[in-house]
file target23.txt (compact mmCIF, C-alpha atoms and all ligand atoms)
# COMPACT_ATOMS: atom_id res chain seq x y z
CA MET Z 25 -101.97 67.71 42.85
CA ASN Z 26 -102.66 64.49 44.66
CA THR Z 27 -103.93 61.43 42.88
CA ILE Z 28 -107.43 61.56 44.29
CA VAL Z 29 -107.94 65.14 43.09
CA LYS Z 30 -106.61 64.20 39.64
CA LEU Z 31 -108.96 61.20 39.45
CA ALA Z 32 -111.89 63.34 40.55
CA LEU Z 33 -111.12 65.88 37.83
CA LEU Z 34 -110.73 63.13 35.26
CA ALA Z 35 -114.05 61.57 36.29
CA GLY Z 36 -115.67 65.01 36.11
CA SER Z 37 -114.45 65.69 32.60
CA LEU Z 38 -115.45 62.21 31.43
CA THR Z 39 -118.93 62.74 32.84
CA PHE Z 40 -119.10 66.09 31.05
CA ALA Z 41 -117.95 64.51 27.78
CA PHE Z 42 -120.55 61.76 28.13
CA ALA Z 43 -123.31 64.26 28.96
CA THR Z 44 -122.39 66.32 25.88
CA LEU Z 45 -122.45 63.22 23.70
CA THR Z 46 -125.83 62.18 25.12
CA LEU Z 47 -127.30 65.64 24.51
CA ALA Z 48 -126.02 65.64 20.96
CA GLN Z 49 -127.86 62.36 20.31
CA GLU Z 50 -131.11 63.43 21.88
CA HIS Z 51 -134.23 63.88 19.92
CA PRO Z 52 -135.09 67.57 19.52
CA GLN Z 53 -138.59 67.27 21.00
CA HIS Z 54 -137.40 65.95 24.39
CA GLN Z 55 -139.77 63.05 23.90
CA HIS Z 56 -138.13 59.69 23.95
CA PRO Z 57 -139.86 56.55 22.85
CA PRO Z 58 -139.50 53.91 25.55
CA GLN Z 59 -136.29 52.01 24.96
CA SER Z 60 -136.67 48.28 24.74
CA ALA Z 61 -134.54 45.30 23.92
CA GLN Z 62 -135.36 41.65 23.33
CA ILE Z 63 -133.73 38.41 24.35
CA VAL Z 64 -134.80 35.19 22.68
CA VAL Z 65 -134.81 31.81 24.43
CA LEU Z 66 -134.29 28.77 22.21
CA ASP Z 67 -134.24 24.99 22.54
CA GLU Z 68 -134.64 21.92 20.37
CA CYS Z 69 -136.59 19.59 22.66
CA ASP Z 70 -137.93 16.46 20.96
CA PRO Z 71 -141.66 16.29 21.80
CA THR Z 72 -141.89 12.48 21.60
CA THR Z 73 -139.13 11.60 24.06
CA PHE Z 74 -139.55 14.60 26.38
CA ASN Z 75 -143.29 14.14 26.76
CA ALA Z 76 -142.90 10.39 27.36
CA VAL Z 77 -140.94 11.29 30.51
CA LEU Z 78 -142.35 14.66 31.56
CA GLY Z 79 -145.97 14.38 30.49
CA PRO Z 80 -148.06 15.43 27.53
CA ASP Z 81 -147.45 18.94 26.21
CA PHE Z 82 -144.32 19.52 28.28
CA CYS Z 83 -142.39 20.00 25.04
CA LYS Z 84 -144.45 21.78 22.44
CA ASN Z 85 -141.80 22.24 19.81
CA VAL Z 86 -143.28 22.84 16.41
CA ALA Z 87 -140.01 23.32 14.53
CA LEU Z 88 -139.27 20.83 11.78
CA GLY Z 89 -136.35 18.55 12.50
CA GLY Z 90 -133.23 19.34 14.52
CA PHE Z 91 -134.67 17.81 17.68
CA THR Z 92 -132.55 16.52 20.55
CA THR Z 93 -133.98 13.59 22.48
CA PHE Z 94 -134.44 13.66 26.25
CA ASP Z 95 -131.66 11.10 26.84
CA ASP Z 96 -129.25 12.83 24.46
CA LEU Z 97 -129.68 16.14 26.26
CA PHE Z 98 -128.61 14.53 29.56
CA ALA Z 99 -125.78 12.56 27.90
CA LYS Z 100 -124.33 15.69 26.29
CA ALA Z 101 -124.52 17.66 29.56
CA ALA Z 102 -122.85 14.83 31.48
CA ALA Z 103 -120.07 14.70 28.90
CA GLY Z 104 -119.40 18.40 29.46
CA THR Z 105 -120.54 19.25 25.92
CA PRO Z 106 -124.06 20.60 26.46
CA ASP Z 107 -126.36 21.02 23.48
CA PRO Z 108 -125.84 24.48 21.94
CA GLY Z 109 -129.43 24.42 20.63
CA TRP Z 110 -130.48 25.43 24.17
CA ASP Z 111 -129.48 29.06 24.12
CA PHE Z 112 -130.17 32.67 25.03
CA GLU Z 113 -129.65 35.12 22.19
CA PRO Z 114 -127.73 37.37 22.21
CA ASP Z 115 -124.90 36.20 24.47
CA LYS Z 116 -124.27 39.77 25.55
CA LEU Z 117 -126.61 42.74 25.49
CA LYS Z 118 -125.58 46.34 26.15
CA ILE Z 119 -128.38 48.70 27.10
CA LYS Z 120 -128.84 52.16 28.56
CA GLU Z 121 -130.29 52.51 32.04
CA GLY Z 122 -134.09 52.62 31.84
CA THR Z 123 -134.32 50.23 28.92
CA SER Z 124 -136.89 47.52 29.44
CA VAL Z 125 -135.87 44.03 28.46
CA SER Z 126 -138.32 41.43 27.22
CA VAL Z 127 -137.36 37.79 27.26
CA VAL Z 128 -139.38 35.58 24.94
CA ASP Z 129 -139.36 31.78 25.00
CA GLN Z 130 -139.43 30.66 21.39
CA GLY Z 131 -138.33 27.15 22.30
CA GLY Z 132 -140.54 24.16 22.99
CA GLU Z 133 -140.18 23.84 26.74
CA PRO Z 134 -140.07 26.03 29.86
CA HIS Z 135 -136.89 27.79 30.98
CA THR Z 136 -135.86 30.24 33.64
CA PHE Z 137 -134.15 33.57 33.19
CA THR Z 138 -132.52 33.93 36.56
CA GLU Z 139 -130.00 36.52 37.66
CA VAL Z 140 -126.98 35.02 39.39
CA ALA Z 141 -123.91 36.48 41.03
CA LYS Z 142 -121.76 33.79 39.44
CA PHE Z 143 -122.62 31.29 36.71
CA GLY Z 144 -122.89 27.68 37.82
CA GLY Z 145 -125.12 24.64 37.96
CA GLY Z 146 -128.90 24.53 37.95
CA PHE Z 147 -131.35 22.52 40.07
CA VAL Z 148 -131.53 19.48 37.77
CA THR Z 149 -128.23 17.91 38.75
CA GLY Z 150 -128.23 15.54 35.76
CA LEU Z 151 -128.01 18.55 33.46
CA ASN Z 152 -125.10 20.19 35.27
CA ALA Z 153 -121.57 20.01 33.96
CA PRO Z 154 -119.46 17.38 35.73
CA GLY Z 155 -118.44 18.68 39.15
CA GLU Z 156 -120.56 21.83 38.91
CA ASP Z 157 -122.64 22.74 41.98
CA THR Z 158 -126.08 24.33 41.94
CA VAL Z 159 -125.79 28.10 42.29
CA PRO Z 160 -127.58 29.54 45.35
CA GLU Z 161 -130.05 31.50 43.18
CA CYS Z 162 -131.33 28.25 41.62
CA ALA Z 163 -131.38 26.16 44.80
CA THR Z 164 -134.48 24.03 45.46
CA GLY Z 165 -135.97 24.75 42.04
CA PHE Z 166 -139.53 25.93 41.58
CA SER Z 167 -140.39 25.38 45.26
CA ASN Z 168 -138.24 28.50 45.70
CA LEU Z 169 -140.57 31.41 44.87
CA ALA Z 170 -137.66 33.53 43.64
CA VAL Z 171 -136.83 30.83 41.07
CA ALA Z 172 -140.48 30.22 40.16
CA LYS Z 173 -140.88 33.93 39.37
CA THR Z 174 -138.17 33.70 36.72
CA ARG Z 175 -139.82 30.85 34.82
CA ILE Z 176 -140.80 31.47 31.20
CA LEU Z 177 -143.23 29.12 29.48
CA GLN Z 178 -143.17 28.30 25.79
CA GLY Z 179 -144.48 31.15 23.70
CA SER Z 180 -144.59 33.58 26.60
CA THR Z 181 -142.58 36.65 27.47
CA ILE Z 182 -141.35 38.14 30.71
CA GLN Z 183 -140.49 41.80 31.05
CA ILE Z 184 -137.60 43.08 33.13
CA ASN Z 185 -137.60 46.76 34.03
CA ASN Z 186 -135.33 48.97 36.07
CA LEU Z 187 -132.18 46.90 35.81
CA PRO Z 188 -129.59 48.93 37.68
CA LYS Z 189 -126.34 50.02 36.08
CA GLY Z 190 -123.67 47.37 35.97
CA ASN Z 191 -123.11 43.92 34.60
CA HIS Z 192 -125.88 41.37 35.13
CA ARG Z 193 -125.51 37.62 34.62
CA PHE Z 194 -128.52 35.52 33.74
CA GLN Z 195 -128.77 31.76 33.38
CA CYS Z 196 -131.40 29.08 33.10
CA CYS Z 197 -131.81 27.16 36.36
CA ILE Z 198 -132.81 24.03 34.40
CA HIS Z 199 -130.24 24.11 31.57
CA PRO Z 200 -127.38 25.99 33.22
CA TRP Z 201 -125.28 26.33 30.08
CA MET Z 202 -127.88 28.81 28.87
CA ARG Z 203 -126.10 31.97 29.98
CA MET Z 204 -125.96 35.59 28.94
CA GLN Z 205 -124.94 38.98 30.24
CA VAL Z 206 -126.72 42.32 30.23
CA GLU Z 207 -124.52 45.38 30.63
CA VAL Z 208 -126.44 48.44 31.75
CA LYS Z 209 -124.72 51.76 31.13
CU CU Z 301 -133.56 26.24 30.05

call {"tool": "encode", "arguments": {"input": "target23.txt", "output": "structure tokens"}}
result
Amino acid sequence: MNTIVKLALLAGSLTFAFATLTLAQEHPQHQHPPQSAQIVVLDECDPTTFNAVLGPDFCKNVALGGFTTFDDLFAKAAAGTPDPGWDFEPDKLKIKEGTSVSVVDQGGEPHTFTEVAKFGGGFVTGLNAPGEDTVPECATGFSNLAVAKTRILQGSTIQINNLPKGNHRFQCCIHPWMRMQVEVK
């Protein structure tokens, strides 16, 4: 038997095994509640220093304490040790095809949840790691409609449906160390 035939048979039996497993887990009524998963977006922007630079209400953080000032955020990024308080949770999400994903910004400032082929820098060069270039998907910032569409404001949620099978990388185009992966099976 040649290798291709063997691989085809192997793939066939794996598919069968998976199908059997899936059937065994199915609900008896053939009615499935819509599958959904949530990703939380976090930051610790300091309202006083952020809003002094970016305008009133840019940072609307209501958390008590734990704030990072505007200057500190840039200093940490430039030092190659970006603030871990700016984060997507979880770091990796595994979902079944057809699952809808909601991304909720529970931080104090806007972010983007932008799919990229390869992780890299965002469009605010002062927040990029030393030597890191802006990834093409984030280029030109919010004047790029594709980037603008991925923006999430404080307290709001975006919904992502129909993610195809495979591994998807998402990052924030403003704070590019905010990164996570969604694996769709
Ligand atoms: Cu961000």

call {"tool": "closest_residue", "arguments": {"input": "target23.txt", "among": "Z:Phe91, Z:Phe194, Z:Phe74, Z:Phe98", "to": "Thr149 of chain Z", "atoms": "all atoms listed in the file"}}
result
Z:Phe98

call {"tool": "residues_near_ligand", "arguments": {"input": "target23.txt", "ligand": "ligand CU 301 (chain Z)", "cutoff": "12 Å", "atoms": "only C-alpha atoms and all ligand atoms", "output": "PyMOL selection string"}}
result
chain Z and resi 64-69+83+97+106-112+129-138+145-148+151-152+162+174-178+194-203

call {"tool": "axis_aligned_box", "arguments": {"input": "target23.txt", "around": "segment 70-83 of chain Z", "padding_each_side": "4 Å", "output": "AutoDock Vina command-line options"}}
result
--center_x -143.0 --center_y 15.2 --center_z 26.3 --size_x 18.1 --size_y 17.6 --size_z 18.6

call {"tool": "atom_distance", "arguments": {"input": "target23.txt", "atom1": "atom CA of Gln183 of chain Z", "atom2": "atom CA of Ala61 of chain Z"}}
result
9.9 Å

call {"tool": "atom_distance", "arguments": {"input": "target23.txt", "atom1": "atom CA of Ile184 of chain Z", "atom2": "atom CA of Pro114 of chain Z"}}
result
15.8 Å

call {"tool": "closest_residue", "arguments": {"input": "target23.txt", "among": "Z:Ser126, Z:Asp70, Z:Thr158, Z:Ala141", "to": "Gly89 of chain Z", "atoms": "only C-alpha atoms"}}
result
Z:Asp70

call {"tool": "atom_distance", "arguments": {"input": "target23.txt", "atom1": "atom CA of Asn85 of chain Z", "atom2": "atom CA of Ile182 of chain Z"}}
result
19.3 Å

call {"tool": "residues_around", "arguments": {"input": "target23.txt", "residues": "segment 153-156 of chain Z", "least_positions_apart": "6", "cutoff": "6 Å", "atoms": "all atoms listed in the file", "output": "PyMOL selection string"}}
result
chain Z and resi 101-102+104+145

call {"tool": "closest_residue", "arguments": {"input": "target23.txt", "among": "Z:Val171, Z:Leu187, Z:Met204, Z:Leu78", "to": "Glu113 of chain Z", "atoms": "only C-alpha atoms"}}
result
Z:Met204

call {"tool": "residues_near_point", "arguments": {"input": "target23.txt", "point": "(-132.9, 47.1, 29.1)", "cutoff": "9 Å", "atoms": "all atoms listed in the file", "output": "list in words"}}
result
Gln59, Ser60, Ala61, Gln62, Leu117, Lys118, Ile119, Lys120, Glu121, Gly122, Thr123, Ser124, Val125, Ser126, Ile184, Asn185, Asn186, Leu187, Val206, Glu207 and Val208 of chain Z

call {"tool": "closest_residue", "arguments": {"input": "target23.txt", "among": "Z:Phe94, Z:Leu88, Z:Lys189, Z:Thr181", "to": "Thr72 of chain Z", "atoms": "only C-alpha atoms"}}
result
Z:Phe94

call {"tool": "build_atoms", "arguments": {"input": "target23.txt", "residues": "segment 114-128 of chain Z", "atoms": "N, CA, C and O atoms", "output": "tab-separated table (two decimals), keeping the file's coordinate frame"}}
result
chain	number	residue	atom	x	y	z
Z	114	PRO	N	-129.17	37.52	22.46
Z	114	PRO	CA	-127.73	37.37	22.21
Z	114	PRO	C	-127.00	36.87	23.46
Z	114	PRO	O	-127.60	36.73	24.52
Z	115	ASP	N	-125.71	36.61	23.33
Z	115	ASP	CA	-124.90	36.20	24.47
Z	115	ASP	C	-124.60	37.39	25.39
Z	115	ASP	O	-124.40	37.22	26.58
Z	116	LYS	N	-124.53	38.56	24.76
Z	116	LYS	CA	-124.27	39.77	25.55
Z	116	LYS	C	-125.09	40.91	24.99
Z	116	LYS	O	-125.14	41.10	23.78
Z	117	LEU	N	-125.76	41.63	25.89
Z	117	LEU	CA	-126.61	42.74	25.49
Z	117	LEU	C	-126.15	43.98	26.24
Z	117	LEU	O	-125.95	43.93	27.45
Z	118	LYS	N	-125.94	45.07	25.50
Z	118	LYS	CA	-125.58	46.34	26.15
Z	118	LYS	C	-126.76	47.28	26.01
Z	118	LYS	O	-127.23	47.54	24.91
Z	119	ILE	N	-127.23	47.80	27.13
Z	119	ILE	CA	-128.38	48.70	27.10
Z	119	ILE	C	-128.11	49.93	27.96
Z	119	ILE	O	-127.22	49.92	28.80
Z	120	LYS	N	-128.91	50.97	27.71
Z	120	LYS	CA	-128.84	52.16	28.56
Z	120	LYS	C	-129.78	51.96	29.74
Z	120	LYS	O	-130.80	51.28	29.62
Z	121	GLU	N	-129.44	52.58	30.86
Z	121	GLU	CA	-130.29	52.51	32.04
Z	121	GLU	C	-131.70	52.97	31.67
Z	121	GLU	O	-131.86	53.94	30.93
Z	122	GLY	N	-132.71	52.26	32.14
Z	122	GLY	CA	-134.09	52.62	31.84
Z	122	GLY	C	-134.68	51.81	30.70
Z	122	GLY	O	-135.88	51.86	30.47
Z	123	THR	N	-133.82	51.08	30.00
Z	123	THR	CA	-134.32	50.23	28.92
Z	123	THR	C	-135.04	49.03	29.50
Z	123	THR	O	-134.54	48.39	30.42
Z	124	SER	N	-136.22	48.72	28.97
Z	124	SER	CA	-136.89	47.52	29.44
Z	124	SER	C	-136.49	46.35	28.55
Z	124	SER	O	-136.28	46.51	27.34
Z	125	VAL	N	-136.34	45.22	29.17
Z	125	VAL	CA	-135.87	44.03	28.46
Z	125	VAL	C	-136.99	43.00	28.45
Z	125	VAL	O	-137.54	42.67	29.50
Z	126	SER	N	-137.36	42.53	27.27
Z	126	SER	CA	-138.32	41.43	27.22
Z	126	SER	C	-137.60	40.16	26.82
Z	126	SER	O	-136.71	40.16	25.98
Z	127	VAL	N	-137.98	39.09	27.50
Z	127	VAL	CA	-137.36	37.79	27.26
Z	127	VAL	C	-138.44	36.84	26.77
Z	127	VAL	O	-139.39	36.57	27.50
Z	128	VAL	N	-138.32	36.39	25.54
Z	128	VAL	CA	-139.38	35.58	24.94
Z	128	VAL	C	-138.90	34.14	24.69
Z	128	VAL	O	-137.83	33.93	24.13
